[in-house]
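Chemist: I am sharing model_2.cif, which consists of mmCIF, C-alpha atoms:
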data_target
loop_
_atom_site.label_atom_id
_atom_site.label_comp_id
_atom_site.auth_asym_id
_atom_site.auth_seq_id
_atom_site.Cartn_x
_atom_site.Cartn_y
_atom_site.Cartn_z
CA MET A 19 -19.78 3.23 0.17
CA SER A 20 -16.93 5.68 -0.35
CA THR A 21 -17.06 6.64 3.34
CA LEU A 22 -16.77 2.95 4.30
CA ASN A 23 -13.72 2.44 2.06
CA TYR A 24 -12.10 5.57 3.43
CA THR A 25 -12.61 4.29 6.98
CA LYS A 26 -11.09 0.91 6.15
CA THR A 27 -8.11 2.55 4.48
CA ARG A 28 -7.64 4.80 7.50
CA GLN A 29 -7.86 1.73 9.72
CA ALA A 30 -5.00 -0.03 7.90
CA ALA A 31 -3.00 3.18 7.53
CA ARG A 32 -2.78 3.45 11.33
CA TRP A 33 0.53 1.54 11.25
CA PHE A 34 2.15 4.56 9.59
CA ASP A 35 0.81 7.06 12.09
CA ILE A 36 3.51 7.12 14.78
CA ARG A 37 2.13 10.08 16.75
CA GLN A 38 1.54 9.40 20.46
CA ARG A 39 2.16 5.70 20.00
CA LYS A 40 3.40 3.28 22.61
CA VAL A 41 6.30 0.86 22.09
CA GLY A 42 3.90 -1.95 21.15
CA MET A 43 2.45 0.09 18.30
CA TRP A 44 5.93 1.04 17.09
CA ALA A 45 6.83 -2.65 17.09
CA TYR A 46 3.68 -3.52 15.15
CA ALA A 47 4.22 -0.76 12.58
CA LEU A 48 7.90 -1.68 12.17
CA ASN A 49 6.99 -5.31 11.64
CA ARG A 50 4.47 -4.50 8.92
CA ILE A 51 6.65 -1.95 7.13
CA THR A 52 9.76 -4.18 7.14
CA GLY A 53 7.56 -7.11 6.09
CA ILE A 54 6.28 -5.24 3.03
CA GLY A 55 9.84 -4.22 2.17
CA LEU A 56 11.07 -7.80 2.48
CA VAL A 57 8.28 -9.15 0.24
CA VAL A 58 9.27 -6.61 -2.43
CA TYR A 59 12.92 -7.61 -1.98
CA LEU A 60 12.06 -11.34 -2.21
CA TYR A 61 10.57 -10.89 -5.68
CA LEU A 62 13.41 -8.59 -6.82
CA HIS A 63 15.88 -11.22 -5.58
CA LEU A 64 14.06 -14.01 -7.43
CA GLY A 65 14.07 -11.82 -10.56
CA VAL A 66 17.83 -11.27 -10.25
CA LEU A 67 18.36 -15.04 -9.86
CA SER A 68 16.95 -15.47 -13.39
CA MET A 69 20.40 -14.32 -14.54
CA LEU A 70 21.70 -17.70 -13.42
CA MET A 71 19.65 -19.19 -16.26
CA ARG A 72 21.38 -16.87 -18.76
CA GLY A 73 24.72 -18.45 -17.98
CA GLN A 74 28.09 -17.68 -16.47
CA SER A 75 28.83 -14.35 -18.14
CA ALA A 76 25.49 -12.77 -17.16
CA TRP A 77 25.76 -13.93 -13.53
CA ASP A 78 29.43 -13.02 -13.08
CA ALA A 79 28.78 -9.54 -14.53
CA PHE A 80 26.00 -9.07 -11.97
CA VAL A 81 28.25 -10.29 -9.14
CA ALA A 82 30.89 -7.71 -10.12
CA LEU A 83 28.21 -4.98 -10.02
CA ALA A 84 26.80 -6.22 -6.70
CA ARG A 85 30.21 -5.84 -5.06
CA SER A 86 30.11 -2.04 -5.57
CA PRO A 87 29.72 0.16 -2.44
CA PHE A 88 26.18 1.21 -3.47
CA TYR A 89 24.97 -2.41 -3.53
CA LEU A 90 26.83 -3.19 -0.30
CA ALA A 91 24.96 -0.28 1.35
CA LEU A 92 21.70 -1.77 0.09
CA ASP A 93 22.78 -5.09 1.64
CA VAL A 94 23.16 -3.35 5.01
CA ILE A 95 19.64 -1.84 4.67
CA LEU A 96 18.30 -5.29 3.74
CA LEU A 97 20.00 -6.84 6.76
CA ALA A 98 18.52 -4.13 9.00
CA GLY A 99 15.04 -5.03 7.69
CA ILE A 100 15.66 -8.76 8.23
CA LEU A 101 16.92 -8.20 11.79
CA ILE A 102 14.05 -5.89 12.78
CA HIS A 103 11.42 -8.17 11.24
CA GLY A 104 12.99 -11.42 12.41
CA LEU A 105 13.73 -10.44 16.01
CA ASN A 106 10.43 -8.60 16.40
CA GLY A 107 8.68 -11.60 14.84
CA LEU A 108 10.24 -13.89 17.44
CA ARG A 109 8.91 -11.56 20.15
CA LEU A 110 5.44 -11.69 18.58
CA ALA A 111 5.60 -15.50 18.42
CA PHE A 112 6.64 -15.71 22.09
CA THR A 113 3.95 -13.34 23.32
CA GLY A 114 1.33 -14.80 20.97
CA LEU A 115 1.98 -18.23 22.45
CA GLY A 116 1.61 -16.78 25.96
CA PHE A 117 5.27 -16.42 26.97
CA SER A 118 6.65 -13.19 28.45
CA VAL A 119 3.43 -11.27 27.75
CA GLY A 120 4.03 -8.83 30.60
CA GLY A 121 7.61 -8.16 29.57
CA GLN A 122 7.07 -7.69 25.86
CA LYS A 123 8.06 -4.01 25.88
CA ALA A 124 11.39 -4.80 27.55
CA LEU A 125 11.84 -7.80 25.26
CA PHE A 126 11.32 -5.57 22.19
CA ILE A 127 13.95 -3.09 23.37
CA ILE A 128 16.45 -5.85 24.27
CA LEU A 129 15.96 -7.57 20.89
CA MET A 130 16.35 -4.31 18.98
CA VAL A 131 19.62 -3.58 20.85
CA ILE A 132 20.84 -7.11 19.97
CA GLY A 133 19.76 -6.47 16.36
CA ALA A 134 21.67 -3.17 16.26
CA ILE A 135 24.84 -4.90 17.52
CA ILE A 136 24.52 -7.71 14.95
CA LEU A 137 23.89 -5.11 12.22
CA LEU A 138 26.99 -3.13 13.19
CA VAL A 139 29.21 -6.23 13.16
CA ALA A 140 27.68 -7.44 9.86
CA ALA A 141 28.04 -3.98 8.23
CA LEU A 142 31.73 -3.93 9.15
CA LYS A 143 32.09 -7.44 7.70
CA ILE A 144 30.18 -6.50 4.50
CA PHE A 145 32.32 -3.43 3.83
CA ALA A 146 35.53 -5.26 4.75
CA VAL A 147 34.93 -7.72 1.86
CA MET B 210 -21.97 -18.97 6.20
CA SER B 211 -20.33 -21.79 8.07
CA ALA B 212 -22.61 -24.00 10.22
CA ASN B 213 -19.95 -24.23 12.90
CA THR B 214 -18.77 -20.87 14.19
CA PHE B 215 -15.56 -22.46 15.49
CA ASP B 216 -14.62 -23.28 11.86
CA ARG B 217 -14.60 -19.55 11.16
CA GLU B 218 -12.57 -18.77 14.25
CA SER B 219 -9.93 -21.43 13.60
CA LYS B 220 -8.85 -20.07 10.18
CA PRO B 221 -6.80 -17.09 11.38
CA THR B 222 -5.28 -19.23 14.13
CA VAL B 223 -4.09 -21.84 11.65
CA ALA B 224 -2.68 -19.11 9.38
CA TRP B 225 -0.98 -17.46 12.37
CA LEU B 226 0.52 -20.77 13.52
CA TRP B 227 1.88 -21.36 10.00
CA GLN B 228 3.26 -17.84 10.05
CA VAL B 229 5.06 -18.59 13.35
CA PHE B 230 6.21 -22.04 12.19
CA THR B 231 7.66 -20.76 8.90
CA GLY B 232 9.05 -17.69 10.69
CA VAL B 233 10.99 -19.83 13.16
CA GLY B 234 12.15 -22.02 10.26
CA LEU B 235 13.32 -18.87 8.47
CA VAL B 236 15.44 -17.74 11.41
CA VAL B 237 17.49 -20.93 10.91
CA LEU B 238 17.27 -21.26 7.10
CA LEU B 239 17.77 -17.56 6.31
CA GLY B 240 20.65 -17.47 8.77
CA LEU B 241 22.30 -20.39 6.95
CA HIS B 242 21.53 -18.84 3.53
CA MET B 243 23.00 -15.45 4.48
CA VAL B 244 26.12 -16.91 6.12
CA ALA B 245 26.78 -19.44 3.32
CA ASN B 246 26.04 -17.12 0.40
CA HIS B 247 27.07 -13.71 1.64
CA PHE B 248 29.48 -14.03 4.56
CA ILE B 249 31.55 -17.15 3.85
CA ALA B 250 31.57 -16.68 0.06
CA LYS B 251 34.66 -14.91 -1.23
CA GLY B 252 33.77 -11.30 -2.09
CA GLY B 253 30.33 -11.59 -0.46
CA LEU B 254 28.71 -13.39 -3.41
CA ARG B 255 29.40 -16.66 -5.19
CA ASP B 256 30.45 -16.56 -8.83
CA TYR B 257 28.67 -18.85 -11.30
CA ALA B 258 30.99 -21.84 -10.85
CA ALA B 259 30.70 -21.56 -7.06
CA VAL B 260 26.88 -21.36 -7.22
CA VAL B 261 26.77 -24.52 -9.35
CA ALA B 262 29.11 -26.41 -7.00
CA TYR B 263 27.14 -25.16 -3.97
CA LEU B 264 23.72 -26.22 -5.28
CA ARG B 265 24.99 -29.60 -6.51
CA ASN B 266 25.51 -30.58 -2.89
CA PRO B 267 22.28 -32.52 -2.13
CA ILE B 268 22.09 -31.35 1.51
CA ILE B 269 22.44 -27.72 0.45
CA LEU B 270 19.86 -28.22 -2.32
CA VAL B 271 17.30 -29.60 0.17
CA LEU B 272 18.00 -26.72 2.59
CA GLU B 273 17.63 -24.12 -0.20
CA ILE B 274 14.33 -25.70 -1.35
CA LEU B 275 13.06 -25.68 2.24
CA PHE B 276 14.16 -22.04 2.50
CA LEU B 277 12.28 -21.17 -0.71
CA VAL B 278 9.07 -22.84 0.52
CA CYS B 279 9.33 -21.28 4.00
CA VAL B 280 10.09 -17.75 2.79
CA THR B 281 7.32 -17.82 0.16
CA THR B 282 4.74 -19.17 2.62
CA HIS B 283 5.73 -16.68 5.32
CA ALA B 284 5.75 -13.73 2.90
CA LEU B 285 2.37 -14.49 1.35
CA LEU B 286 0.72 -15.18 4.72
CA GLY B 287 2.04 -11.77 5.75
CA VAL B 288 0.53 -10.15 2.65
CA ARG B 289 -2.77 -11.89 3.44
CA ALA B 290 -2.70 -10.56 7.02
CA ILE B 291 -2.22 -7.03 5.67
CA PHE B 292 -5.22 -7.47 3.34
CA LEU B 293 -7.30 -8.68 6.30
CA ASP B 294 -6.35 -5.48 8.16
CA PHE B 295 -8.48 -3.61 5.62
CA GLY B 296 -11.53 -5.45 6.96
CA VAL B 297 -12.39 -7.10 3.64
CA SER B 298 -15.54 -9.19 3.17
CA ASP B 299 -15.46 -13.01 3.39
CA ARG B 300 -15.72 -13.22 -0.40
CA VAL B 301 -12.75 -10.90 -0.96
CA GLU B 302 -10.81 -12.77 1.73
CA GLN B 303 -11.40 -16.05 -0.11
CA LEU B 304 -10.37 -14.52 -3.43
CA VAL B 305 -7.21 -13.03 -1.93
CA THR B 306 -6.33 -16.33 -0.23
CA ARG B 307 -6.83 -18.27 -3.47
CA ALA B 308 -4.81 -15.75 -5.51
CA LEU B 309 -1.97 -15.80 -2.97
CA LYS B 310 -1.93 -19.62 -2.98
CA TRP B 311 -1.43 -19.56 -6.76
CA ILE B 312 1.22 -16.87 -6.50
CA GLY B 313 2.96 -19.08 -3.92
CA VAL B 314 2.84 -22.14 -6.16
CA LEU B 315 4.19 -20.11 -9.10
CA THR B 316 6.93 -18.57 -6.96
CA VAL B 317 8.14 -21.94 -5.63
CA GLY B 318 7.85 -23.42 -9.14
CA TYR B 319 9.94 -20.59 -10.57
CA GLY B 320 12.57 -21.05 -7.85
CA LEU B 321 12.76 -24.79 -8.54
CA ILE B 322 13.19 -24.14 -12.28
CA VAL B 323 16.09 -21.75 -11.59
CA MET B 324 17.73 -24.35 -9.32
CA TRP B 325 17.24 -27.08 -11.95
CA PHE B 326 18.84 -24.89 -14.63
CA VAL B 327 21.84 -24.37 -12.38
CA ILE B 328 22.45 -27.98 -11.35
CA LYS B 329 21.57 -29.78 -14.61
#
Take the structure I supplied and represent it as structure tokens, if you would.

Modeler:
Amino acid sequence: MSTLNYTKTRQAARWFDIRQRKVGMWAYALNRITGIGLVVYLYLHLGVLSMLMRGQSAWDAFVALARSPFYLALDVILLAGILIHGLNGLRLAFTGLGFSVGGQKALFIILMVIGAIILLVAALKIFAV
Amino acid sequence: MSANTFDRESKPTVAWLWQVFTGVGLVVLLGLHMVANHFIAKGGLRDYAAVVAYLRNPIILVLEILFLVCVTTHALLGVRAIFLDFGVSDRVEQLVTRALKWIGVLTVGYGLIVMWFVIK
């Protein structure tokens, strides 16, 4: 039984093993890792929104804190996760529905370059606030 | 065991299609949410008065509720897919699916309560 569980865990842990992987596997691993991060963020975000129920002073104090450079840097990391997961997800949807199956490697690279450009522009905008 | 093997095969497909459907919805809704709340808003975040005014707009409220439903569905379907990667048994799969459905209902319910507190 313990051997079986170990095998299953190893099977799922393959996303984190980036040795000798092709672009498709990198894309898959990135999608899963950013997805887990975004689920954690979703629940943290919902938790933070509870401050809205505590009234104006609690929320406005949080807003003042969230405008600090540390939180702005976290925003950039969050945006990076959203862009990687979102753009890669669109690629997966396209290929899963039978479009551009042969060109998925090129599509991944193009989308990640687009994502990097959007991230750069957004980071400049975030820190210019 | 299901009498019709195609019933068993259709389940992941339906979940995957929902994942794609909510994912595409999120590209639009999350884009709107990020631009409206973090890029247009003065200082990158709305203060309390601005949040109240924003959510009291009925169109915005509907869009934010749709966003909440889409993001919760997409996130929990993703969590389910990760569980399935572990090669769990049918029974565990059913338990996980049921638990995630309840977590989804509670999450959307919580989000709606927060919105109600803000706009009331």

Chemist: May I ask you to extract the residues of chain A within 10 Å of chain B, using all atoms listed in the file, and to give them as a PyMOL selection string?

Modeler: chain A and resi 23+25-31+50+53-54+56-58+60-61+64-65+67-82+84-85+90+93+97+100-101+103-105+107-108+110-112+114-115+140+143-147

Chemist: What does the distance between CA of Gln122 in chain A and CA of Phe276 in chain B come to in Å, to one decimal place?

Modeler: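 Between CA of Gln122 in chain A and CA of Phe276 in chain B the gap is 28.3 Å.
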
Chemist: Expressed in Å to a single decimal, how great is the separation between CA of Val278 in chain B and CA of Val317 in chain B?

Modeler: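 Going from CA of Val278 in chain B over to CA of Val317 in chain B covers 6.3 Å.
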
Chemist: Separation of CA of Ile51 in chain A and CA of Leu92 in chain A, in Å?

Modeler: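 Between CA of Ile51 in chain A and CA of Leu92 in chain A the gap is 16.6 Å.
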
Chemist: Which of these residues is nearest to Ile312 in chain B, using all atoms listed in the file: B:Ala224, B:Gly234, B:Leu286, B:Ile274?

Modeler: B:Leu286

Chemist: Please evaluate the PyMOL selection byres ((chain A and resi 130) around 10) against the displayed coordinates and give the resulting residues as a PDB file with C-alpha atoms, keeping the file's coordinate frame.

Modeler:
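The new file expr29.pdb reads:
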ATOM      1  CA  ALA A  45       6.830  -2.650  17.090  1.00  0.00           C
ATOM      2  CA  LEU A 101      16.920  -8.200  11.790  1.00  0.00           C
ATOM      3  CA  ILE A 102      14.050  -5.890  12.780  1.00  0.00           C
ATOM      4  CA  HIS A 103      11.420  -8.170  11.240  1.00  0.00           C
ATOM      5  CA  LEU A 105      13.730 -10.440  16.010  1.00  0.00           C
ATOM      6  CA  ASN A 106      10.430  -8.600  16.400  1.00  0.00           C
ATOM      7  CA  ALA A 124      11.390  -4.800  27.550  1.00  0.00           C
ATOM      8  CA  LEU A 125      11.840  -7.800  25.260  1.00  0.00           C
ATOM      9  CA  PHE A 126      11.320  -5.570  22.190  1.00  0.00           C
ATOM     10  CA  ILE A 127      13.950  -3.090  23.370  1.00  0.00           C
ATOM     11  CA  ILE A 128      16.450  -5.850  24.270  1.00  0.00           C
ATOM     12  CA  LEU A 129      15.960  -7.570  20.890  1.00  0.00           C
ATOM     13  CA  VAL A 131      19.620  -3.580  20.850  1.00  0.00           C
ATOM     14  CA  ILE A 132      20.840  -7.110  19.970  1.00  0.00           C
ATOM     15  CA  GLY A 133      19.760  -6.470  16.360  1.00  0.00           C
ATOM     16  CA  ALA A 134      21.670  -3.170  16.260  1.00  0.00           C
ATOM     17  CA  ILE A 135      24.840  -4.900  17.520  1.00  0.00           C
ATOM     18  CA  ILE A 136      24.520  -7.710  14.950  1.00  0.00           C
TER      19      ILE A 136
END

Chemist: So which one's closest to Val139 in chain A, A:Val41, A:Gly120, A:Val94, A:Tyr59? Using only C-alpha atoms, please.

Modeler: A:Val94

Chemist: Nearest to Lys123 in chain A: which of A:Tyr89, A:Ala47, A:Arg109, A:Leu83 is it, counting all atoms listed in the file?

Modeler: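 Of the candidates, the smallest distance to Lys123 in chain A is held by A:Arg109.
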
Chemist: Which centre and edge lengths in Å to one decimal define the box along x, y and z that fits every listed atom of range 251-263 of chain B plus 5 Å per side, as AutoDock Vina command-line options?

Modeler:
--center_x 30.7 --center_y -18.9 --center_z -5.9 --size_x 17.9 --size_y 25.1 --size_z 20.8
